[in-house]
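Peer 1: Contents of my_file-v1.cif (mmCIF, C-alpha atoms; chains and numbers go by the auth columns) are below:
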data_coords
loop_
_atom_site.group_PDB
_atom_site.id
_atom_site.type_symbol
_atom_site.label_atom_id
_atom_site.label_comp_id
_atom_site.label_asym_id
_atom_site.label_seq_id
_atom_site.Cartn_x
_atom_site.Cartn_y
_atom_site.Cartn_z
_atom_site.B_iso_or_equiv
_atom_site.auth_seq_id
_atom_site.auth_asym_id
ATOM 1 C CA MET A 1 22.772 15.659 3.382 0.00 1363 A
ATOM 2 C CA THR A 2 24.396 18.777 4.794 0.00 1364 A
ATOM 3 C CA ASN A 3 23.336 22.221 3.702 0.00 1365 A
ATOM 4 C CA SER A 4 23.770 25.878 4.224 0.00 1366 A
ATOM 5 C CA HIS A 5 20.303 26.445 5.600 0.00 1367 A
ATOM 6 C CA ASP A 6 20.223 27.849 9.054 0.00 1368 A
ATOM 7 C CA LEU A 7 16.847 26.743 10.285 0.00 1369 A
ATOM 8 C CA SER A 8 15.620 28.359 13.454 0.00 1370 A
ATOM 9 C CA PRO A 9 13.790 26.201 15.985 0.00 1371 A
ATOM 10 C CA GLY A 10 10.603 27.949 14.844 0.00 1372 A
ATOM 11 C CA ASP A 11 11.230 27.038 11.180 0.00 1373 A
ATOM 12 C CA ALA A 12 12.023 23.475 12.191 0.00 1374 A
ATOM 13 C CA ALA A 13 8.848 23.281 14.262 0.00 1375 A
ATOM 14 C CA SER A 14 6.785 24.525 11.288 0.00 1376 A
ATOM 15 C CA LEU A 15 8.329 21.867 9.030 0.00 1377 A
ATOM 16 C CA LEU A 16 7.694 19.192 11.643 0.00 1378 A
ATOM 17 C CA ASN A 17 4.066 20.283 11.856 0.00 1379 A
ATOM 18 C CA ALA A 18 3.727 20.058 8.059 0.00 1380 A
ATOM 19 C CA ALA A 19 5.243 16.564 8.088 0.00 1381 A
ATOM 20 C CA ASP A 20 3.099 15.414 11.010 0.00 1382 A
ATOM 21 C CA ALA A 21 -0.048 16.715 9.296 0.00 1383 A
ATOM 22 C CA ALA A 22 0.831 14.833 6.092 0.00 1384 A
ATOM 23 C CA ILE A 23 1.627 11.642 8.028 0.00 1385 A
ATOM 24 C CA ASP A 24 -1.646 11.947 9.962 0.00 1386 A
ATOM 25 C CA ARG A 25 -3.593 12.351 6.713 0.00 1387 A
ATOM 26 C CA GLY A 26 -1.819 9.296 5.289 0.00 1388 A
ATOM 27 C CA ASN A 27 -2.698 7.285 8.400 0.00 1389 A
ATOM 28 C CA THR A 28 -6.318 8.447 8.336 0.00 1390 A
ATOM 29 C CA VAL A 29 -6.954 7.571 4.691 0.00 1391 A
ATOM 30 C CA SER A 30 -5.212 4.219 5.200 0.00 1392 A
ATOM 31 C CA ARG A 31 -7.441 3.399 8.187 0.00 1393 A
ATOM 32 C CA ARG A 32 -10.586 4.384 6.274 0.00 1394 A
ATOM 33 C CA TRP A 33 -9.591 2.395 3.197 0.00 1395 A
ATOM 34 C CA ARG A 34 -12.193 -0.330 2.660 0.00 1396 A
ATOM 35 C CA LEU A 35 -11.524 -1.352 -0.931 0.00 1397 A
ATOM 36 C CA GLY A 36 -8.862 -3.879 0.060 0.00 1398 A
ATOM 37 C CA SER A 37 -11.310 -5.579 2.418 0.00 1399 A
ATOM 38 C CA VAL A 38 -13.952 -5.691 -0.323 0.00 1400 A
ATOM 39 C CA LEU A 39 -11.482 -7.265 -2.764 0.00 1401 A
ATOM 40 C CA SER A 40 -10.089 -9.749 -0.242 0.00 1402 A
ATOM 41 C CA ILE A 41 -13.419 -10.933 1.180 0.00 1403 A
ATOM 42 C CA SER A 42 -14.952 -11.188 -2.306 0.00 1404 A
ATOM 43 C CA LEU A 43 -12.022 -13.272 -3.536 0.00 1405 A
ATOM 44 C CA GLY A 44 -12.182 -15.455 -0.432 0.00 1406 A
ATOM 45 C CA VAL A 45 -15.900 -16.098 -0.971 0.00 1407 A
ATOM 46 C CA LEU A 46 -15.349 -16.820 -4.675 0.00 1408 A
ATOM 47 C CA VAL A 47 -12.595 -19.343 -3.934 0.00 1409 A
ATOM 48 C CA GLY A 48 -14.700 -21.025 -1.216 0.00 1410 A
ATOM 49 C CA VAL A 49 -17.775 -21.231 -3.428 0.00 1411 A
ATOM 50 C CA PHE A 50 -15.712 -22.505 -6.353 0.00 1412 A
ATOM 51 C CA LEU A 51 -14.272 -25.224 -4.124 0.00 1413 A
ATOM 52 C CA LEU A 52 -17.804 -26.340 -3.199 0.00 1414 A
ATOM 53 C CA ALA A 53 -18.818 -26.210 -6.866 0.00 1415 A
ATOM 54 C CA SER A 54 -15.764 -28.310 -7.754 0.00 1416 A
ATOM 55 C CA VAL A 55 -16.764 -30.936 -5.182 0.00 1417 A
ATOM 56 C CA TYR A 56 -20.553 -31.038 -5.652 0.00 1418 A
ATOM 57 C CA LEU A 57 -21.330 -29.771 -9.150 0.00 1419 A
ATOM 58 C CA LEU A 58 -18.372 -30.219 -11.499 0.00 1420 A
ATOM 59 C CA PRO A 59 -18.018 -34.027 -11.151 0.00 1421 A
ATOM 60 C CA THR A 60 -21.587 -34.567 -12.326 0.00 1422 A
ATOM 61 C CA ALA A 61 -21.927 -31.566 -14.615 0.00 1423 A
ATOM 62 C CA THR A 62 -22.203 -31.878 -18.379 0.00 1424 A
ATOM 63 C CA GLY A 63 -19.474 -30.301 -20.472 0.00 1425 A
ATOM 64 C CA GLN A 64 -21.568 -27.169 -20.890 0.00 1426 A
ATOM 65 C CA GLY A 65 -22.387 -27.066 -17.195 0.00 1427 A
ATOM 66 C CA ALA A 66 -18.696 -27.285 -16.295 0.00 1428 A
ATOM 67 C CA ILE A 67 -17.913 -24.465 -18.707 0.00 1429 A
ATOM 68 C CA VAL A 68 -20.687 -22.299 -17.219 0.00 1430 A
ATOM 69 C CA ILE A 69 -19.456 -22.890 -13.665 0.00 1431 A
ATOM 70 C CA SER A 70 -15.839 -22.162 -14.600 0.00 1432 A
ATOM 71 C CA LEU A 71 -16.814 -19.063 -16.580 0.00 1433 A
ATOM 72 C CA ALA A 72 -18.940 -17.792 -13.686 0.00 1434 A
ATOM 73 C CA TYR A 73 -15.926 -18.134 -11.397 0.00 1435 A
ATOM 74 C CA ALA A 74 -13.600 -16.414 -13.892 0.00 1436 A
ATOM 75 C CA LEU A 75 -16.176 -13.656 -14.443 0.00 1437 A
ATOM 76 C CA GLY A 76 -16.501 -13.130 -10.691 0.00 1438 A
ATOM 77 C CA ILE A 77 -12.718 -12.773 -10.354 0.00 1439 A
ATOM 78 C CA ALA A 78 -12.622 -10.395 -13.316 0.00 1440 A
ATOM 79 C CA ILE A 79 -15.429 -8.210 -11.916 0.00 1441 A
ATOM 80 C CA VAL A 80 -13.898 -8.007 -8.435 0.00 1442 A
ATOM 81 C CA THR A 81 -10.405 -7.144 -9.692 0.00 1443 A
ATOM 82 C CA THR A 82 -11.762 -4.623 -12.207 0.00 1444 A
ATOM 83 C CA VAL A 83 -13.801 -2.855 -9.525 0.00 1445 A
ATOM 84 C CA TYR A 84 -10.696 -2.791 -7.335 0.00 1446 A
ATOM 85 C CA ASN A 85 -8.495 -1.346 -10.084 0.00 1447 A
ATOM 86 C CA VAL A 86 -11.053 1.266 -11.149 0.00 1448 A
ATOM 87 C CA PHE A 87 -11.721 2.595 -7.646 0.00 1449 A
ATOM 88 C CA ARG A 88 -8.269 2.207 -6.103 0.00 1450 A
ATOM 89 C CA ARG A 89 -6.626 5.531 -5.283 0.00 1451 A
ATOM 90 C CA LEU A 90 -3.998 4.295 -2.855 0.00 1452 A
ATOM 91 C CA THR A 91 -2.574 1.200 -1.256 0.00 1453 A
ATOM 92 C CA PRO A 92 -1.906 1.476 2.491 0.00 1454 A
ATOM 93 C CA ILE A 93 1.563 0.639 3.706 0.00 1455 A
ATOM 94 C CA GLY A 94 2.167 -3.110 3.926 0.00 1456 A
ATOM 95 C CA TRP A 95 -1.209 -4.065 2.441 0.00 1457 A
ATOM 96 C CA ASN A 96 0.219 -5.687 -0.719 0.00 1458 A
ATOM 97 C CA ASP A 97 2.408 -8.008 1.366 0.00 1459 A
ATOM 98 C CA ARG A 98 -0.433 -8.984 3.700 0.00 1460 A
ATOM 99 C CA TYR A 99 -2.800 -9.580 0.783 0.00 1461 A
ATOM 100 C CA ARG A 100 -0.287 -11.721 -1.136 0.00 1462 A
ATOM 101 C CA ARG A 101 0.431 -13.788 1.975 0.00 1463 A
ATOM 102 C CA GLY A 102 -3.282 -14.367 2.561 0.00 1464 A
ATOM 103 C CA LEU A 103 -3.919 -15.210 -1.086 0.00 1465 A
ATOM 104 C CA MET A 104 -1.056 -17.738 -1.131 0.00 1466 A
ATOM 105 C CA ILE A 105 -2.444 -19.526 1.945 0.00 1467 A
ATOM 106 C CA THR A 106 -5.964 -19.452 0.524 0.00 1468 A
ATOM 107 C CA MET A 107 -4.844 -20.924 -2.799 0.00 1469 A
ATOM 108 C CA GLY A 108 -2.735 -23.510 -0.962 0.00 1470 A
ATOM 109 C CA ILE A 109 -5.760 -24.696 1.042 0.00 1471 A
ATOM 110 C CA PHE A 110 -7.892 -24.617 -2.112 0.00 1472 A
ATOM 111 C CA PHE A 111 -5.532 -26.868 -4.079 0.00 1473 A
ATOM 112 C CA VAL A 112 -5.016 -29.256 -1.162 0.00 1474 A
ATOM 113 C CA ALA A 113 -8.802 -29.531 -0.735 0.00 1475 A
ATOM 114 C CA LEU A 114 -9.267 -29.971 -4.475 0.00 1476 A
ATOM 115 C CA ALA A 115 -6.691 -32.782 -4.504 0.00 1477 A
ATOM 116 C CA LEU A 116 -8.465 -34.334 -1.506 0.00 1478 A
ATOM 117 C CA SER A 117 -11.741 -34.317 -3.441 0.00 1479 A
ATOM 118 C CA PHE A 118 -10.150 -36.666 -5.994 0.00 1480 A
ATOM 119 C CA LEU A 119 -8.740 -38.945 -3.304 0.00 1481 A
ATOM 120 C CA VAL A 120 -11.800 -39.427 -1.092 0.00 1482 A
ATOM 121 C CA SER A 121 -15.391 -40.161 -1.981 0.00 1483 A
ATOM 122 C CA GLU A 122 -16.740 -38.472 1.162 0.00 1484 A
ATOM 123 C CA ARG A 123 -19.089 -35.633 0.148 0.00 1485 A
ATOM 124 C CA SER A 124 -20.537 -34.689 3.515 0.00 1486 A
ATOM 125 C CA PRO A 125 -21.070 -30.937 3.945 0.00 1487 A
ATOM 126 C CA LEU A 126 -19.591 -31.401 7.418 0.00 1488 A
ATOM 127 C CA LEU A 127 -16.222 -31.881 5.718 0.00 1489 A
ATOM 128 C CA TRP A 128 -16.432 -29.649 2.669 0.00 1490 A
ATOM 129 C CA ILE A 129 -18.135 -26.547 4.028 0.00 1491 A
ATOM 130 C CA PRO A 130 -15.504 -26.092 6.756 0.00 1492 A
ATOM 131 C CA LEU A 131 -12.789 -26.652 4.134 0.00 1493 A
ATOM 132 C CA ALA A 132 -14.379 -24.028 1.881 0.00 1494 A
ATOM 133 C CA VAL A 133 -14.543 -21.604 4.828 0.00 1495 A
ATOM 134 C CA ALA A 134 -10.940 -22.416 5.734 0.00 1496 A
ATOM 135 C CA ALA A 135 -9.894 -21.604 2.166 0.00 1497 A
ATOM 136 C CA ALA A 136 -11.812 -18.307 2.210 0.00 1498 A
ATOM 137 C CA ILE A 137 -10.543 -17.064 5.568 0.00 1499 A
ATOM 138 C CA PRO A 138 -6.804 -16.330 5.031 0.00 1500 A
ATOM 139 C CA VAL A 139 -7.135 -13.876 2.144 0.00 1501 A
ATOM 140 C CA SER A 140 -10.227 -12.300 3.731 0.00 1502 A
ATOM 141 C CA VAL A 141 -8.518 -11.758 7.071 0.00 1503 A
ATOM 142 C CA TYR A 142 -5.056 -10.736 5.854 0.00 1504 A
ATOM 143 C CA GLY A 143 -6.529 -8.394 3.250 0.00 1505 A
ATOM 144 C CA SER A 144 -8.810 -6.739 5.802 0.00 1506 A
ATOM 145 C CA GLN A 145 -6.137 -6.020 8.398 0.00 1507 A
ATOM 146 C CA LYS A 146 -5.577 -2.331 9.030 0.00 1508 A
ATOM 147 C CA VAL A 147 -2.251 -0.589 9.213 0.00 1509 A
ATOM 148 C CA THR A 148 -0.814 -0.766 12.702 0.00 1510 A
ATOM 149 C CA ARG A 149 2.556 1.001 12.482 0.00 1511 A
ATOM 150 C CA MET B 1 44.022 22.066 8.973 0.00 1119 B
ATOM 151 C CA THR B 2 41.256 19.701 9.896 0.00 1120 B
ATOM 152 C CA GLU B 3 37.631 20.578 9.277 0.00 1121 B
ATOM 153 C CA PRO B 4 35.519 21.193 12.345 0.00 1122 B
ATOM 154 C CA ALA B 5 33.202 18.326 13.208 0.00 1123 B
ATOM 155 C CA HIS B 6 29.656 19.089 12.086 0.00 1124 B
ATOM 156 C CA THR B 7 27.621 18.239 15.121 0.00 1125 B
ATOM 157 C CA HIS B 8 24.947 20.914 14.872 0.00 1126 B
ATOM 158 C CA PRO B 9 21.609 19.406 13.793 0.00 1127 B
ATOM 159 C CA ARG B 10 21.322 21.845 10.872 0.00 1128 B
ATOM 160 C CA HIS B 11 24.095 19.945 9.093 0.00 1129 B
ATOM 161 C CA ARG B 12 21.835 16.894 8.994 0.00 1130 B
ATOM 162 C CA VAL B 13 18.909 18.767 7.487 0.00 1131 B
ATOM 163 C CA ASP B 14 18.115 17.594 3.955 0.00 1132 B
ATOM 164 C CA ASP B 15 18.077 20.583 1.585 0.00 1133 B
ATOM 165 C CA LEU B 16 15.460 19.002 -0.640 0.00 1134 B
ATOM 166 C CA LEU B 17 13.063 18.441 2.232 0.00 1135 B
ATOM 167 C CA THR B 18 13.258 21.944 3.667 0.00 1136 B
ATOM 168 C CA ALA B 19 10.478 22.938 1.236 0.00 1137 B
ATOM 169 C CA PRO B 20 7.197 22.292 3.100 0.00 1138 B
ATOM 170 C CA VAL B 21 5.432 20.928 0.004 0.00 1139 B
ATOM 171 C CA ARG B 22 8.183 18.424 -0.796 0.00 1140 B
ATOM 172 C CA LEU B 23 8.329 17.415 2.850 0.00 1141 B
ATOM 173 C CA SER B 24 4.545 16.939 2.885 0.00 1142 B
ATOM 174 C CA VAL B 25 4.716 14.808 -0.265 0.00 1143 B
ATOM 175 C CA VAL B 26 7.411 12.519 1.130 0.00 1144 B
ATOM 176 C CA ALA B 27 5.765 12.361 4.574 0.00 1145 B
ATOM 177 C CA ALA B 28 2.378 11.450 3.048 0.00 1146 B
ATOM 178 C CA LEU B 29 4.006 8.811 0.826 0.00 1147 B
ATOM 179 C CA SER B 30 5.716 7.272 3.845 0.00 1148 B
ATOM 180 C CA ARG B 31 2.348 5.981 5.074 0.00 1149 B
ATOM 181 C CA VAL B 32 1.281 4.244 1.862 0.00 1150 B
ATOM 182 C CA ASP B 33 2.729 1.674 -0.523 0.00 1151 B
ATOM 183 C CA GLU B 34 1.427 3.628 -3.483 0.00 1152 B
ATOM 184 C CA VAL B 35 -0.911 6.558 -4.101 0.00 1153 B
ATOM 185 C CA GLU B 36 -2.488 8.038 -7.201 0.00 1154 B
ATOM 186 C CA PHE B 37 -1.161 11.440 -8.271 0.00 1155 B
ATOM 187 C CA ALA B 38 -4.604 13.109 -8.169 0.00 1156 B
ATOM 188 C CA PHE B 39 -5.386 11.700 -4.736 0.00 1157 B
ATOM 189 C CA LEU B 40 -2.128 13.044 -3.305 0.00 1158 B
ATOM 190 C CA ARG B 41 -2.704 16.399 -5.028 0.00 1159 B
ATOM 191 C CA ASP B 42 -6.100 16.724 -3.339 0.00 1160 B
ATOM 192 C CA SER B 43 -4.780 15.409 -0.044 0.00 1161 B
ATOM 193 C CA ILE B 44 -2.052 18.016 0.318 0.00 1162 B
ATOM 194 C CA GLU B 45 -4.114 20.684 -1.447 0.00 1163 B
ATOM 195 C CA ILE B 46 -1.812 21.859 -4.230 0.00 1164 B
ATOM 196 C CA SER B 47 -2.149 22.227 -7.995 0.00 1165 B
ATOM 197 C CA ASP B 48 -1.253 19.645 -10.640 0.00 1166 B
ATOM 198 C CA SER B 49 1.681 21.688 -11.872 0.00 1167 B
ATOM 199 C CA GLN B 50 3.044 22.325 -8.382 0.00 1168 B
ATOM 200 C CA LEU B 51 2.889 18.655 -7.510 0.00 1169 B
ATOM 201 C CA SER B 52 4.446 17.641 -10.857 0.00 1170 B
ATOM 202 C CA LYS B 53 7.352 19.990 -10.286 0.00 1171 B
ATOM 203 C CA GLN B 54 7.990 18.812 -6.730 0.00 1172 B
ATOM 204 C CA VAL B 55 7.617 15.147 -7.643 0.00 1173 B
ATOM 205 C CA SER B 56 10.081 15.397 -10.515 0.00 1174 B
ATOM 206 C CA GLN B 57 12.676 16.954 -8.164 0.00 1175 B
ATOM 207 C CA LEU B 58 12.072 14.196 -5.627 0.00 1176 B
ATOM 208 C CA GLU B 59 12.267 11.582 -8.380 0.00 1177 B
ATOM 209 C CA GLN B 60 15.596 12.986 -9.603 0.00 1178 B
ATOM 210 C CA ALA B 61 16.919 12.760 -6.058 0.00 1179 B
ATOM 211 C CA GLY B 62 15.800 9.125 -5.906 0.00 1180 B
ATOM 212 C CA TYR B 63 13.329 9.763 -3.090 0.00 1181 B
ATOM 213 C CA VAL B 64 10.143 9.069 -5.019 0.00 1182 B
ATOM 214 C CA SER B 65 9.261 6.532 -7.668 0.00 1183 B
ATOM 215 C CA VAL B 66 6.751 7.342 -10.425 0.00 1184 B
ATOM 216 C CA ARG B 67 4.811 4.644 -12.256 0.00 1185 B
ATOM 217 C CA LYS B 68 2.542 5.333 -15.226 0.00 1186 B
ATOM 218 C CA GLY B 69 -0.422 3.067 -15.737 0.00 1187 B
ATOM 219 C CA HIS B 70 -3.855 2.854 -17.305 0.00 1188 B
ATOM 220 C CA VAL B 71 -7.308 1.885 -16.114 0.00 1189 B
ATOM 221 C CA GLY B 72 -9.127 1.186 -19.359 0.00 1190 B
ATOM 222 C CA LYS B 73 -8.129 4.107 -21.565 0.00 1191 B
ATOM 223 C CA ARG B 74 -7.620 6.498 -18.669 0.00 1192 B
ATOM 224 C CA PRO B 75 -4.006 7.177 -17.749 0.00 1193 B
ATOM 225 C CA ARG B 76 -3.069 7.048 -14.081 0.00 1194 B
ATOM 226 C CA THR B 77 0.146 8.078 -12.382 0.00 1195 B
ATOM 227 C CA TRP B 78 1.178 6.258 -9.223 0.00 1196 B
ATOM 228 C CA LEU B 79 3.664 7.581 -6.700 0.00 1197 B
ATOM 229 C CA SER B 80 5.588 5.754 -4.022 0.00 1198 B
ATOM 230 C CA ILE B 81 8.473 6.530 -1.690 0.00 1199 B
ATOM 231 C CA THR B 82 11.792 4.763 -2.260 0.00 1200 B
ATOM 232 C CA GLU B 83 13.959 3.276 0.473 0.00 1201 B
ATOM 233 C CA ASP B 84 16.353 6.230 0.058 0.00 1202 B
ATOM 234 C CA GLY B 85 13.422 8.595 0.469 0.00 1203 B
ATOM 235 C CA ARG B 86 12.246 6.814 3.584 0.00 1204 B
ATOM 236 C CA VAL B 87 15.732 7.004 5.142 0.00 1205 B
ATOM 237 C CA ALA B 88 16.145 10.659 4.142 0.00 1206 B
ATOM 238 C CA LEU B 89 12.782 11.499 5.710 0.00 1207 B
ATOM 239 C CA GLN B 90 13.702 9.771 8.969 0.00 1208 B
ATOM 240 C CA TRP B 91 17.025 11.635 9.204 0.00 1209 B
ATOM 241 C CA HIS B 92 15.439 14.921 8.230 0.00 1210 B
ATOM 242 C CA LEU B 93 12.696 14.607 10.841 0.00 1211 B
ATOM 243 C CA ALA B 94 15.263 13.605 13.465 0.00 1212 B
ATOM 244 C CA ALA B 95 17.371 16.660 12.602 0.00 1213 B
ATOM 245 C CA LEU B 96 14.325 18.947 12.761 0.00 1214 B
ATOM 246 C CA ARG B 97 13.407 17.537 16.171 0.00 1215 B
ATOM 247 C CA ALA B 98 16.979 18.057 17.339 0.00 1216 B
ATOM 248 C CA ILE B 99 16.869 21.698 16.196 0.00 1217 B
ATOM 249 C CA VAL B 100 13.560 22.245 17.963 0.00 1218 B
ATOM 250 C CA ASP B 101 14.882 20.597 21.112 0.00 1219 B
ATOM 251 C CA GLY B 102 18.256 22.364 20.827 0.00 1220 B
ATOM 252 C CA ILE B 103 20.312 19.186 21.006 0.00 1221 B
ATOM 253 C CA ALA B 104 23.208 17.773 18.961 0.00 1222 B
ATOM 254 C CA ALA B 105 22.491 16.119 15.633 0.00 1223 B
ATOM 255 C CA PRO B 106 21.822 12.397 15.448 0.00 1224 B
ATOM 256 C CA GLN B 107 24.806 10.559 13.914 0.00 1225 B
ATOM 257 C CA PRO B 108 24.218 8.028 11.111 0.00 1226 B
#
Could you write out this file's structure as C-alpha cells?

Peer 2:
Amino acid sequence: MTNSHDLSPGDAASLLNAADAAIDRGNTVSRRWRLGSVLSISLGVLVGVFLLASVYLLPTATGQGAIVISLAYALGIAIVTTVYNVFRRLTPIGWNDRYRRGLMITMGIFFVALALSFLVSERSPLLWIPLAVAAAIPVSVYGSQKVTR
Amino acid sequence: MTEPAHTHPRHRVDDLLTAPVRLSVVAALSRVDEVEFAFLRDSIEISDSQLSKQVSQLEQAGYVSVRKGHVGKRPRTWLSITEDGRVALQWHLAALRAIVDGIAAPQP
C-alpha cells in the first residue's frame, strides 16, 4: 500500500474530488433506480393474486382450468423477470439482500396461507384478501427501499 | 539500523488508485452491488478501451470482479467491487484526506 508518489495537497484534493463525483453519481443513479421496485411490486402482486386463485379458483377448476391458471402465473413471473433482466443496468448497493429477504418472507406467508387453505373451509374474502395482501407486501416493500448509506 | 516509521499520509496512498480514472471506477462501484460495463463507461465518460484497460488492472489487483453474462444472445459484462477493493478505497480516501488536511496517516 505504500508508494513513491509524493502527492501534494492539491493533487490529493483533485483525486478526492474525482472520487466524490463518482460516488455522488453512483448514489444518484441508485436513488433514481426504479426497476427493482417494478420487479418487486409485480412479483408481490403475482404471488397475492395466485394465492387468491389457489383458494377460490383452483379447487373447483377443471384440469385444463388449473393448467391455465398455473401457466398464467408462470408466464407472469417469466415476463416480469425477463423485463428486469433486459433493462437492468445496475443493482444498487444492498438491494439484492433486501429483495431476497422480502421474497423469502413473501413466499413463507404464501405457503403458510396455502397450507391453511387445505386445513380450513372458510372462504370469506375478509380472511383471504388480507392474507393475499400480507403475502404481497414484504417483497414489494423490501424491494422498493432506497439506498440509505 | 532500523527503518524510519512511515507516518506521513503519502505512505498510505494506494499506487493503483492514484490514477483518477481507476479511482473513479472503484469509487463508482462502491455505491452499487453490480453495474454493467457500458453503463459505467457512460457514467464516468471514458472509452470502451480505456475502461477495459483500467478494469483489467483493477481485476488483477483483486479490487474489482468481472462477470460475463448474456441477455438473450447479447453479451453483457458486469462489474463489482471486491471486499479488498472496498477496503483499499477507504484507506486511500483517508490518506488523501490526511494529505489535504496535513495530518499524520491513519494507521490500519

Peer 1: I'd like the residues picked by the PyMOL selection byres ((chain B) within 8 of (chain A)) written out as a PyMOL selection string, using the chain letters and numbers from the file.

Peer 2: chain B and resi 1128-1133+1136+1138+1141-1143+1145-1154+1157+1161-1162+1189+1211+1214-1215+1217-1220

Peer 1: Work out how far CA of Tyr1418 (chain A) is from CA of Ile1431 (chain A), in Å to one decimal.

Peer 2: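 About the pair CA of Ile1431 (chain A) and CA of Tyr1418 (chain A): they are 11.5 Å apart.
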
Peer 1: Work out how far CA of Arg1396 (chain A) is from CA of Trp1490 (chain A), in Å to one decimal.

Peer 2: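 Pair CA of Trp1490 (chain A) / CA of Arg1396 (chain A) returns 29.6 Å.
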
Peer 1: Padding of 4 Å on every side, edges along x, y and z, all listed atoms of region 1432-1439 of chain A included: what centre and edge lengths in Å, to one decimal, does that box have, as JSON?

Peer 2:
{"center_x": -15.8, "center_y": -17.5, "center_z": -13.5, "size_x": 14.2, "size_y": 17.4, "size_z": 14.2}

Peer 1: Report, in Å to a single decimal, how far apart CA of Ile1199 (chain B) and CA of Val1182 (chain B) are.

Peer 2: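 CA of Val1182 (chain B) sits 4.5 Å away from CA of Ile1199 (chain B).
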
Peer 1: So, counting all atoms listed in the file, which residue among B:Leu1158, B:His1210, B:Gln1168, B:Val1144 is closest to Ser1183 (chain B)?

Peer 2: B:Val1144

Peer 1: Could you check the closest approach to Val1417 (chain A) for each of A:Glu1484, A:Tyr1504, A:Ala1497, A:Pro1492 and tell me which residue wins, using all atoms listed in the file?

Peer 2: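 Closest to Val1417 (chain A) of all the choices is A:Glu1484.
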
Peer 1: If the PyMOL selection byres ((chain A and resi 1399-1401) around 8) is run on the structure shown, which residues does it catch, given as a PyMOL selection string?

Peer 2: chain A and resi 1396-1398+1402-1405+1442-1443+1446+1502+1505-1507

Peer 1: Starting from the point (-15.1, -22.9, 1.0), work out which residues of protein, DNA or RNA have an atom no more than 9 Å away when counting all atoms listed in the file; state them as a PyMOL selection string.

Peer 2: chain A and resi 1406-1414+1472+1490-1499

Peer 1: Lys1186 (chain B): which residues within 7 Å, counting all atoms listed in the file, same-chain residues fewer than 3 positions away excluded, as a compact mmCIF listing (two decimals) with C-alpha atoms, in the frame of the given file?

Peer 2:
# COMPACT_ATOMS: atom_id res chain seq x y z
CA ARG B 1194 -3.07 7.05 -14.08
CA THR B 1195 0.15 8.08 -12.38
CA TRP B 1196 1.18 6.26 -9.22

Peer 1: From the options A:Ala1428, A:Ile1467, A:Ala1436, A:Ala1475, which residue's atoms come nearest to Val1503 (chain A), counting only C-alpha atoms?

Peer 2: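 Under the stated criterion, the closest residue is A:Ile1467.
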
Peer 1: Using all atoms listed in the file, pick whichever of A:Thr1468, A:Tyr1461, A:Ala1440, A:Arg1485 has the shortest atom-to-atom distance to Leu1419 (chain A).

Peer 2: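 Checking each candidate against Leu1419 (chain A), we get A:Arg1485 as the closest.
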
Peer 1: Pick the closest to Leu1169 (chain B) from B:Pro1193, B:His1188, B:Ser1198, B:Val1139: which is it, counting only C-alpha atoms?

Peer 2: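 Counting only C-alpha atoms, the residue closest to Leu1169 (chain B) is B:Val1139.
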